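To start, the structure itself, in structure tokens.
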Amino acid sequence: MIFRRSLVRELTATAIGLFVVLLAILFTQSVIRILARAAGGSVATDGVLALIGFNAMFYLNLLLAVALFMTVLLTLSRWYRDSEMVVWFTSGQSLTACLKPILLFAAPFLLAIVLLSLFLSPWAEQRKIEYERQLESRDELTILSPGLFREFRRAGIVVYIESINPVNGRIRNVFLHSVDGARDTTTVARLGHLVEESNGDRFVVLEDGRRYEGNPGSADFRIVEFERLGRRIEPAEARALPTSNKAIPTVALLVADGRNERAELFWRLSVPILALVLTLLAIPLAHVNPRMGRSFNLFAAAFLYMLYTNCINIVQSMIAQGSIDLWLGLLLPHATALLVVIVLFRHQLSITGLFGRVPRTVST
């Protein structure tokens, strides 16, 4: 009982540390990717945090599975190196006695992975798509950033503003460049502001500026100075939601007959099974053999994890191509992985090893 409490306590401490580290890595990757989109003008800056949150929730199931695998592996590996497993074995406990406390510890994680894979991850992906559509449907002027050139491809213009007064919304030192056919138009103005008419039409009004039309050096090039110049803001159209299988609810996938839908359902069912199998796999893999080095088991665990996940991705592609059925695809990689777990347990529990032979007694 004391050893089991100690095991669960150390598993909990290791899991918290690993989860924080892996979550930080996931957030860092999401921040870099989404900030790159924001810098390119495809995402508004005030929507970055929400998109990072939706992206993190989508990948949280796989992150929990990896954290659970590494928690069991690192904890038991330390017990082997510090000879605590020797005390466990000499007290009359076998390696299989670790299964009950480890599975009880892993049960909340596995339940969370099931909920995330089947329900929360598709919901987060759907919300992310809808939020991106809402950001795109806003007026383009709302995503202008002072001091940065920003291209609006739908309107065909490049805009630069020096500053925005947050109180009255007036902008200073505006630069606009657009191409209408083969004719370049460049407009610079000292001031600008937004005007909304009673019928709902909106205009950006530029004051005290100059307009350059045509190509420099050509005969039709002209310069026009103005005191006030208005340009109508075309209302942004909300694009249709992209068809993403990752955002389809699991209930809808269960009744769908499409190959891609079946492949997506295979992945959602595979993640919880993957987490359970990896948890079991970590128990025999944690054994440290001093003759082979203290880190050999970690390299072996990393190799088996990559092999397992790559096999799942290959089977998912085969299901999407119609080569195999969904249920056969679920059986192939996971049954093979369970067979590997049984073989490794047999190797650890056997006195002579997996391929060892019982020595013969020589009669004299």
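Following the order of the structure tokens, chains are lettered A, B, ..., residues in each are numbered from 1, and ligands are numbered from 1.
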Write out as a list in words all residues of region 210-337 of chain A that backbone DSSP assigns to strand (DSSP E).
Arg210, Arg211, Tyr212, Glu213, Arg222, Ile223, Val224, Glu225, Phe226, Glu227, Arg228, Leu229, Gly230, Arg231 and Arg232 of chain A
Calculated over only C-alpha atoms, which of the candidates A:Val204, A:Ile113, A:Ala97, A:Leu35 has the smallest distance to Leu276 (chain A)?
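For Leu276 (chain A), the nearest of the given residues is A:Ile113.
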Here is a test: counting only C-alpha atoms, which residue of A:Ser77, A:Thr28, A:Val343, A:Phe119 is nearest to Phe296 (chain A)?
A:Ser77
Identify which of the residues A:Met306, A:Leu344, A:Arg5, A:Met318 lies closest to Cys98 (chain A), counting only C-alpha atoms when measuring atom-to-atom distances.
A:Arg5
Please provide as number ranges by chain all residues within 12 Å of Arg268 (chain A), with the sequence filter that same-chain residues fewer than 6 positions apart are discarded (counting only C-alpha atoms).
A: 58-59, 61-62, 113-122, 245-251, 253-254, 261-262, 274-275, 312-313, 316, 326, 330
Hey, can you spit out that residue selection with C-alpha atoms as an mmCIF file, in the first residue's frame?
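Output below, filename out_1.cif:
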```cif
data_model
loop_
_atom_site.group_PDB
_atom_site.id
_atom_site.type_symbol
_atom_site.label_atom_id
_atom_site.label_comp_id
_atom_site.auth_asym_id
_atom_site.auth_seq_id
_atom_site.Cartn_x
_atom_site.Cartn_y
_atom_site.Cartn_z
ATOM 1 C CA PHE A 58 -8.178 20.705 -30.660
ATOM 2 C CA TYR A 59 -4.780 19.093 -30.011
ATOM 3 C CA ASN A 61 -6.310 14.979 -26.601
ATOM 4 C CA LEU A 62 -3.074 13.954 -28.303
ATOM 5 C CA ILE A 113 -9.084 11.995 -23.887
ATOM 6 C CA VAL A 114 -12.310 10.224 -24.876
ATOM 7 C CA LEU A 115 -14.379 13.365 -24.301
ATOM 8 C CA LEU A 116 -11.879 15.542 -26.135
ATOM 9 C CA SER A 117 -11.510 13.217 -29.120
ATOM 10 C CA LEU A 118 -15.193 12.539 -29.650
ATOM 11 C CA PHE A 119 -16.799 15.833 -28.660
ATOM 12 C CA LEU A 120 -14.643 18.794 -27.595
ATOM 13 C CA SER A 121 -12.007 18.715 -30.349
ATOM 14 C CA PRO A 122 -14.598 18.775 -33.192
ATOM 15 C CA ASN A 245 -14.095 16.655 -41.613
ATOM 16 C CA LYS A 246 -12.333 17.602 -38.377
ATOM 17 C CA ALA A 247 -15.248 19.877 -37.471
ATOM 18 C CA ILE A 248 -18.013 17.346 -38.140
ATOM 19 C CA PRO A 249 -19.668 16.076 -34.925
ATOM 20 C CA THR A 250 -18.930 12.469 -34.075
ATOM 21 C CA VAL A 251 -22.639 11.559 -34.130
ATOM 22 C CA LEU A 253 -19.658 10.708 -38.606
ATOM 23 C CA LEU A 254 -21.225 7.519 -37.228
ATOM 24 C CA GLU A 261 -15.666 10.695 -42.894
ATOM 25 C CA ARG A 262 -14.794 7.097 -42.021
ATOM 26 C CA LEU A 274 -3.592 4.854 -28.464
ATOM 27 C CA ALA A 275 -3.442 6.460 -25.023
ATOM 28 C CA ILE A 312 -2.160 4.770 -37.511
ATOM 29 C CA ASN A 313 -1.651 7.557 -40.062
ATOM 30 C CA GLN A 316 -6.140 6.298 -41.863
ATOM 31 C CA LEU A 326 -13.015 1.084 -40.743
ATOM 32 C CA LEU A 330 -9.019 -0.230 -36.076
#
```
What's around region 219-227 of chain A at 8 Å? Count only C-alpha atoms, leave out sequence neighbours fewer than 6 positions away in its own chain, and write the answer as an mmCIF file with N, CA and C atoms, in the first residue's frame.
```
data_model
loop_
_atom_site.group_PDB
_atom_site.id
_atom_site.type_symbol
_atom_site.label_atom_id
_atom_site.label_comp_id
_atom_site.auth_asym_id
_atom_site.auth_seq_id
_atom_site.Cartn_x
_atom_site.Cartn_y
_atom_site.Cartn_z
ATOM 1 N N LEU A 206 -11.028 61.210 -46.863
ATOM 2 C CA LEU A 206 -9.654 61.695 -46.752
ATOM 3 C C LEU A 206 -9.641 63.207 -46.922
ATOM 4 N N GLU A 207 -8.788 63.870 -46.167
ATOM 5 C CA GLU A 207 -8.715 65.325 -46.187
ATOM 6 C C GLU A 207 -7.280 65.779 -46.443
ATOM 7 N N ASP A 208 -7.204 66.884 -47.219
ATOM 8 C CA ASP A 208 -5.914 67.540 -47.463
ATOM 9 C C ASP A 208 -4.908 66.543 -48.036
ATOM 10 N N GLY A 209 -5.177 66.117 -49.280
ATOM 11 C CA GLY A 209 -4.300 65.107 -49.861
ATOM 12 C C GLY A 209 -4.049 65.322 -51.337
ATOM 13 N N ARG A 210 -3.438 64.307 -51.925
ATOM 14 C CA ARG A 210 -3.067 64.356 -53.335
ATOM 15 C C ARG A 210 -3.248 62.961 -53.917
ATOM 16 N N ARG A 211 -3.692 62.944 -55.180
ATOM 17 C CA ARG A 211 -3.987 61.688 -55.863
ATOM 18 C C ARG A 211 -3.161 61.624 -57.146
ATOM 19 N N TYR A 212 -2.446 60.499 -57.327
ATOM 20 C CA TYR A 212 -1.624 60.287 -58.526
ATOM 21 C C TYR A 212 -2.250 59.160 -59.330
ATOM 22 N N GLU A 213 -2.578 59.442 -60.580
ATOM 23 C CA GLU A 213 -3.242 58.460 -61.432
ATOM 24 C C GLU A 213 -2.414 58.225 -62.683
#
```
Taking 4 positions as the minimum chain separation for residues in the same chain, which residues sit within 8 Å of Val277 (chain A) when counting only C-alpha atoms? Answer as a CSV table (one decimal) with C-alpha atoms, in the first residue's frame.
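Result file around29.csv:
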```csv
chain,number,residue,atom,x,y,z
A,273,ILE,CA,-7.0,3.5,-27.7
A,281,LEU,CA,3.5,-0.2,-23.2
A,334,HIS,CA,-4.1,-1.5,-32.2
A,337,ALA,CA,0.4,-2.9,-30.5
A,338,LEU,CA,-1.3,-4.9,-27.8
A,341,VAL,CA,2.7,-5.1,-25.1
```
Contact residues around Leu298 (chain A) with only C-alpha atoms at 8 Å, ignoring same-chain residues under 2 positions, as a PDB file with C-alpha atoms, in the first residue's frame:
```pdb
ATOM      1  CA  LEU A  73       7.781   5.768 -18.626  1.00  0.00           C
ATOM      2  CA  LEU A 285       9.623  -0.317 -21.584  1.00  0.00           C
ATOM      3  CA  ALA A 286      10.602   1.457 -18.369  1.00  0.00           C
ATOM      4  CA  SER A 295      18.788   5.797 -21.892  1.00  0.00           C
ATOM      5  CA  PHE A 296      18.330   2.830 -24.197  1.00  0.00           C
ATOM      6  CA  ALA A 300      13.233   2.326 -27.745  1.00  0.00           C
ATOM      7  CA  ALA A 301      10.076   3.993 -26.405  1.00  0.00           C
ATOM      8  CA  ALA A 302      10.466   6.933 -28.804  1.00  0.00           C
TER       9      ALA A 302
END
```
Pick from A:Leu18, A:Leu148, A:Leu339, A:Ala189: nearest to Leu280 (chain A), with only C-alpha atoms counted?
A:Leu339
As an MDAnalysis selection string, please: the residues near Ile324 (chain A) (cut-off 12 Å, only C-alpha atoms, same-chain neighbours under 5 positions excluded).
chainID A and resid 259 262:263 266 314:319 329:332
Given the selection you just returned, output its residues as a file containing C-alpha atoms, formatted as a compact mmCIF listing (two decimals), in the first residue's frame.
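Output contents, as saved in part-v5.txt:
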```txt
# COMPACT_ATOMS: atom_id res chain seq x y z
CA ARG A 259 -14.46 7.47 -47.06
CA ARG A 262 -14.79 7.10 -42.02
CA ALA A 263 -11.10 7.99 -41.90
CA PHE A 266 -11.06 6.11 -37.27
CA ILE A 314 -1.01 5.01 -42.82
CA VAL A 315 -4.15 3.06 -41.95
CA GLN A 316 -6.14 6.30 -41.86
CA SER A 317 -4.94 7.09 -45.39
CA MET A 318 -5.87 3.59 -46.53
CA ILE A 319 -9.38 4.01 -45.11
CA GLY A 329 -8.37 -0.61 -39.80
CA LEU A 330 -9.02 -0.23 -36.08
CA LEU A 331 -8.04 -3.84 -35.46
CA LEU A 332 -4.76 -3.91 -37.39
```
Given only C-alpha atoms as the basis, pick out the residue of A:His287, A:His193, A:Arg37, A:His177 nearest to Asn165 (chain A).
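Closest residue, counting only C-alpha atoms: A:His193.
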